[in-house]
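Enquirer: Questions regarding the structure given below will be posed in turn.
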Amino acid sequence: MESSKTQLDHDQPTKPVGNWKYTLGSTLDAWKKYPQQRSEFATLPPGPPIFVSGTHRSGTTWVAKMLAVPGLWYIHEPFNPNKNIWQESFTYVRDTDTNLAVDAMLQQILNGGLRQTSMNGAVDHSWMPLRMFKPPIQRIMIKDPLACLLTAYFVAKYDLQTLVLFRHPCGFVSSVTRLGWPTGGFLKEFLTRKELMDDHLSDFASLMEQYANENTVASAAVLHGVLNQVLWNVVQKHSLKYYLFEDLCRSPLESFQNIFTWLGLPYSDQTYKLHLKLCSGRSEDPKDYHPHAVERNSQAMTDSWKAQLSTAEITCITDIWDKFKIPLYDT
């Protein structure tokens with residue numbers, strides 16, 4: 001399997017590098033904002049850490065942005081190998097085991113470390129205040145689809161307040177193939193992980209083997225099914241809160257008000273206005289947005305795949321989905 005650092009281009013948008021004027025300006029701006037940020041961190045009501053889980057391209061970035069009220073310490077994909085902190089994509093640990101490396105990583109995050117992964121403001125330079133000083137963190141949110149197979153471990157060992165996202169298989173496949181992201185290599189890698197296969201995927205080994213050496217619509221559909229089979233098993237075992245991406249897109253304002261209540265997050269007029277902005281993008285075509293954009297036309301995102309996939313591709317995807325044991329989408 002090729003280096004996991006190049007498997008998924010799922011990092012933060014690229015920023016100018018090597019430009020001292022940009023660095024100086026953004027650093028000064030960060031220091032100007034820091035007093036207000038410290039106040040927001042200190043006054044946010046405390047609560048348990050939040051974990052936003054789900055596969056890549058399932059809407060986790062959008063959902064996390066909708067939840068990111070001022071003062072909530074938002075950590076973005078610390079287990080993404082592109083961050084050069086963790087070296088493996090989709091790490092799996094049984095919820096009854098102990099993994100010292102995962103524990104050390106998560107404890108560091110929960111203690112306010114790894115601040116270079118924060119999405120609370122500028123952190124791309126070590127001179128910036130959010131990098132230099134630990135803010136008075138009252139509550140943390142971690143968003144990381146590359147850690148989705150650690151969901152059960154996080155819940156069992158750290159009791160994170162967890163929200164799991166699921167997306168229609170055609171939506172996932174359309175997005176992944178449009179971006180040219182790899183799929184088969186992950187299937188090949190998963191086949192070598194005995195505990196993952198024994199716990200969740202033994203019934204699908206032959207299907208995974210069939211598509212492990214290609215990056216096609218079919219291999220993307222199998223990858224979607226495999227990841228979501230694990231997540232669905234975890235949701236059932238641990239009685240986790242879950243949402244379908246399409247349901248959130250159809251009624252985002254009402255849905256997120258309910259999620260805020262469940263999480264115990266403050267919901268203000270400012271939050272309502274932000275939600276309107278994040279759900280009201282002008283274009284209905286996914287190609288018009290950056291892969292990591294969070295301001296979109298949420299209504300159009302529910303079934304945009306219908307214009308992206310052929311009838312034959314849709315049939316292929318739905319046939320593969322029906323092989324899994326996940327009663328979420330009637331295809």
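Identifiers in the structure tokens: chain A, B, ... in order shown; residue index from 1 per chain; ligand index from 1 in order shown.
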Enumerate as a count of residues only all residues of region 112-318 of chain A assigned to helix (DSSP H, G or I) by DSSP on the backbone, naming them with the chain letters and numbers the document uses.
Expert: 127
Enquirer: Taking only residues of region 230-287 of chain A that have an atom at most 10 Å from an atom of region 62-80 of chain A, what is each one's shortest atom pair and its distance in Å to one decimal, using only C-alpha atoms, in chain and number order, as a Markdown table?
Expert:
| residue | atom | partner | partner_atom | distance |
| --- | --- | --- | --- | --- |
| A:Phe245 | CA | A:Val63 | CA | 8.9 |
| A:Leu248 | CA | A:Val63 | CA | 8.8 |
| A:Cys249 | CA | A:Val63 | CA | 10.0 |
| A:Pro252 | CA | A:Met66 | CA | 9.4 |
| A:Leu253 | CA | A:Met66 | CA | 9.8 |
| A:Phe256 | CA | A:Met66 | CA | 7.7 |
| A:Gln257 | CA | A:Leu67 | CA | 9.8 |
| A:Ile259 | CA | A:Leu67 | CA | 8.6 |
| A:Phe260 | CA | A:Leu67 | CA | 7.5 |
| A:Leu263 | CA | A:Leu67 | CA | 9.5 |
| A:Leu265 | CA | A:Val69 | CA | 7.9 |
| A:Pro266 | CA | A:Val69 | CA | 7.7 |
| A:Tyr267 | CA | A:Val69 | CA | 8.2 |
| A:Ser268 | CA | A:Val69 | CA | 9.1 |
| A:Gln270 | CA | A:Val69 | CA | 9.1 |
| A:Thr271 | CA | A:Val69 | CA | 6.9 |
| A:Tyr272 | CA | A:Met66 | CA | 9.5 |
| A:Leu274 | CA | A:Met66 | CA | 7.6 |
| A:His275 | CA | A:Met66 | CA | 6.2 |
| A:Leu276 | CA | A:Met66 | CA | 9.8 |
| A:Lys277 | CA | A:Met66 | CA | 10.0 |
| A:Leu278 | CA | A:Met66 | CA | 7.4 |
| A:Cys279 | CA | A:Trp62 | CA | 9.2 |
Enquirer: Pull the closest atom pair for each residue of region 177-284 of chain A that gets at most 8 Å from region 316-323 of chain A, along with the distance in Å to one decimal, counting only C-alpha atoms, ordering rows by chain and then ascending residue number, as JSON lines.
Expert:
{"residue": "A:Val217", "atom": "CA", "partner": "A:Ile317", "partner_atom": "CA", "distance": 7.2}
{"residue": "A:Ala218", "atom": "CA", "partner": "A:Ile317", "partner_atom": "CA", "distance": 6.4}
{"residue": "A:Ala221", "atom": "CA", "partner": "A:Ile317", "partner_atom": "CA", "distance": 5.5}
{"residue": "A:Val222", "atom": "CA", "partner": "A:Ile320", "partner_atom": "CA", "distance": 6.6}
{"residue": "A:Gly225", "atom": "CA", "partner": "A:Trp321", "partner_atom": "CA", "distance": 6.1}
Enquirer: Leaving out Arg115 (chain A) and any residue of its chain fewer than 5 positions from it, which residues lie within 10 Å of it when counting only C-alpha atoms, given as a compact mmCIF listing (two decimals) with N, CA and C atoms, in the first residue's frame?
Expert:
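Result file part.txt:
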# COMPACT_ATOMS: atom_id res chain seq x y z
N TRP A 73 -13.17 24.41 21.65
CA TRP A 73 -11.85 24.10 21.12
C TRP A 73 -11.99 22.99 20.08
N TYR A 74 -11.82 23.36 18.81
CA TYR A 74 -12.10 22.48 17.68
C TYR A 74 -10.79 21.95 17.13
N ILE A 75 -10.60 20.63 17.25
CA ILE A 75 -9.41 19.95 16.74
C ILE A 75 -9.77 19.23 15.44
N HIS A 76 -8.99 19.51 14.40
CA HIS A 76 -9.30 19.05 13.05
C HIS A 76 -8.35 17.93 12.62
N PRO A 78 -6.59 15.16 13.76
CA PRO A 78 -5.24 14.89 14.26
C PRO A 78 -4.69 13.55 13.82
N GLN A 108 -2.97 13.78 24.87
CA GLN A 108 -2.33 15.05 24.50
C GLN A 108 -3.36 16.04 23.97
N ILE A 109 -4.27 15.55 23.14
CA ILE A 109 -5.32 16.42 22.59
C ILE A 109 -6.24 16.92 23.69
N ASN A 120 -9.60 26.97 15.44
CA ASN A 120 -10.17 28.13 16.12
C ASN A 120 -9.59 29.45 15.63
N VAL A 123 -3.12 29.13 13.13
CA VAL A 123 -2.18 28.30 13.91
C VAL A 123 -1.03 27.82 13.03
N ASP A 124 -0.89 28.38 11.84
CA ASP A 124 0.10 27.87 10.89
C ASP A 124 1.51 28.35 11.17
N SER A 126 4.43 29.04 14.51
CA SER A 126 4.68 28.83 15.93
C SER A 126 4.63 30.12 16.75
N LEU A 130 -2.30 30.98 19.64
CA LEU A 130 -2.95 29.70 19.87
C LEU A 130 -1.95 28.54 19.82
N ARG A 131 -0.79 28.78 19.18
CA ARG A 131 0.28 27.78 19.17
C ARG A 131 1.17 27.93 20.40
N MET A 132 1.40 29.16 20.82
CA MET A 132 2.34 29.42 21.91
C MET A 132 1.75 29.12 23.29
N PHE A 133 0.47 29.42 23.47
CA PHE A 133 -0.14 29.33 24.80
C PHE A 133 -1.39 28.45 24.76
N LYS A 134 -1.52 27.62 25.76
CA LYS A 134 -2.73 26.82 25.90
C LYS A 134 -3.86 27.73 26.40
N PRO A 135 -4.93 27.86 25.65
CA PRO A 135 -6.05 28.70 26.09
C PRO A 135 -6.83 28.04 27.23
Enquirer: Grab the CA of Asp144 (chain A) to CA of Met197 (chain A) distance for me, in Å with one decimal place.
Expert: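 Result for CA of Asp144 (chain A) versus CA of Met197 (chain A): 21.9 Å, one decimal.
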Enquirer: Using only C-alpha atoms, which of A:Cys170, A:Met105, A:Ala220, A:Leu187 sits nearest Met208 (chain A)?
Expert: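 Closest to Met208 (chain A), using only C-alpha atoms: A:Leu187.
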Enquirer: Could you please write out, as a PyMOL selection string, every residue of region 196-318 of chain A that DSSP assigns to strand (DSSP E or B)?
Expert: chain A and resi 241-244+280+297
Enquirer: What lies within 10 Å of Gly59 (chain A) using only C-alpha atoms, ignoring chain neighbours under 3 positions off, as a ChimeraX atom specification?
Expert: /A:52-56,62-64,145,165-167,172,244-246,248-249,292,294,301
Enquirer: May I ask which of the residues A:Trp31, A:Gln138, A:Asp247, A:Ser89 is the closest one to Glu189 (chain A), counting only C-alpha atoms?
Expert: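 The shortest atom-to-atom distance to Glu189 (chain A) comes from A:Ser89.
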Enquirer: Please provide the set of residues having any atom within 10 Å of Ala307 (chain A), restricted to only C-alpha atoms, with same-chain residues fewer than 3 positions apart removed, written as a ChimeraX atom specification.
Expert: /A:174,285,303-304,310-311
Enquirer: Output N, CA and C atoms of each residue in that selection to a file, as a tab-separated table (two decimals), in the first residue's frame.
Expert:
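Dumped everything to part.tsv:
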chain	number	residue	atom	x	y	z
A	174	SER	N	-19.69	9.04	-5.58
A	174	SER	CA	-19.62	10.15	-6.52
A	174	SER	C	-18.55	11.16	-6.09
A	285	ASP	N	-24.08	22.61	-7.83
A	285	ASP	CA	-23.14	21.67	-8.41
A	285	ASP	C	-21.94	21.52	-7.48
A	303	ASP	N	-28.83	14.84	-3.00
A	303	ASP	CA	-28.83	13.87	-4.11
A	303	ASP	C	-28.12	14.41	-5.35
A	304	SER	N	-27.08	15.22	-5.13
A	304	SER	CA	-26.32	15.76	-6.27
A	304	SER	C	-25.67	14.65	-7.08
A	310	SER	N	-23.74	7.64	-13.78
A	310	SER	CA	-24.57	7.03	-14.81
A	310	SER	C	-25.51	6.00	-14.18
A	311	THR	N	-26.51	5.58	-14.94
A	311	THR	CA	-27.44	4.57	-14.45
A	311	THR	C	-26.70	3.28	-14.11
Enquirer: Which of these residues is nearest to His168 (chain A), using only C-alpha atoms: A:Ser251, A:Thr60, A:Ser298, A:Thr331?
Expert: A:Thr331
Enquirer: Do you have the CA of Val234 (chain A)-CA of Leu106 (chain A) distance handy?
Expert: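 Here the two named atoms are 19.2 Å from each other.
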Enquirer: For CA of Thr177 (chain A) and CA of Ser219 (chain A), determine how far apart the two atoms are, in Å to one decimal place.
Expert: 10.0 Å
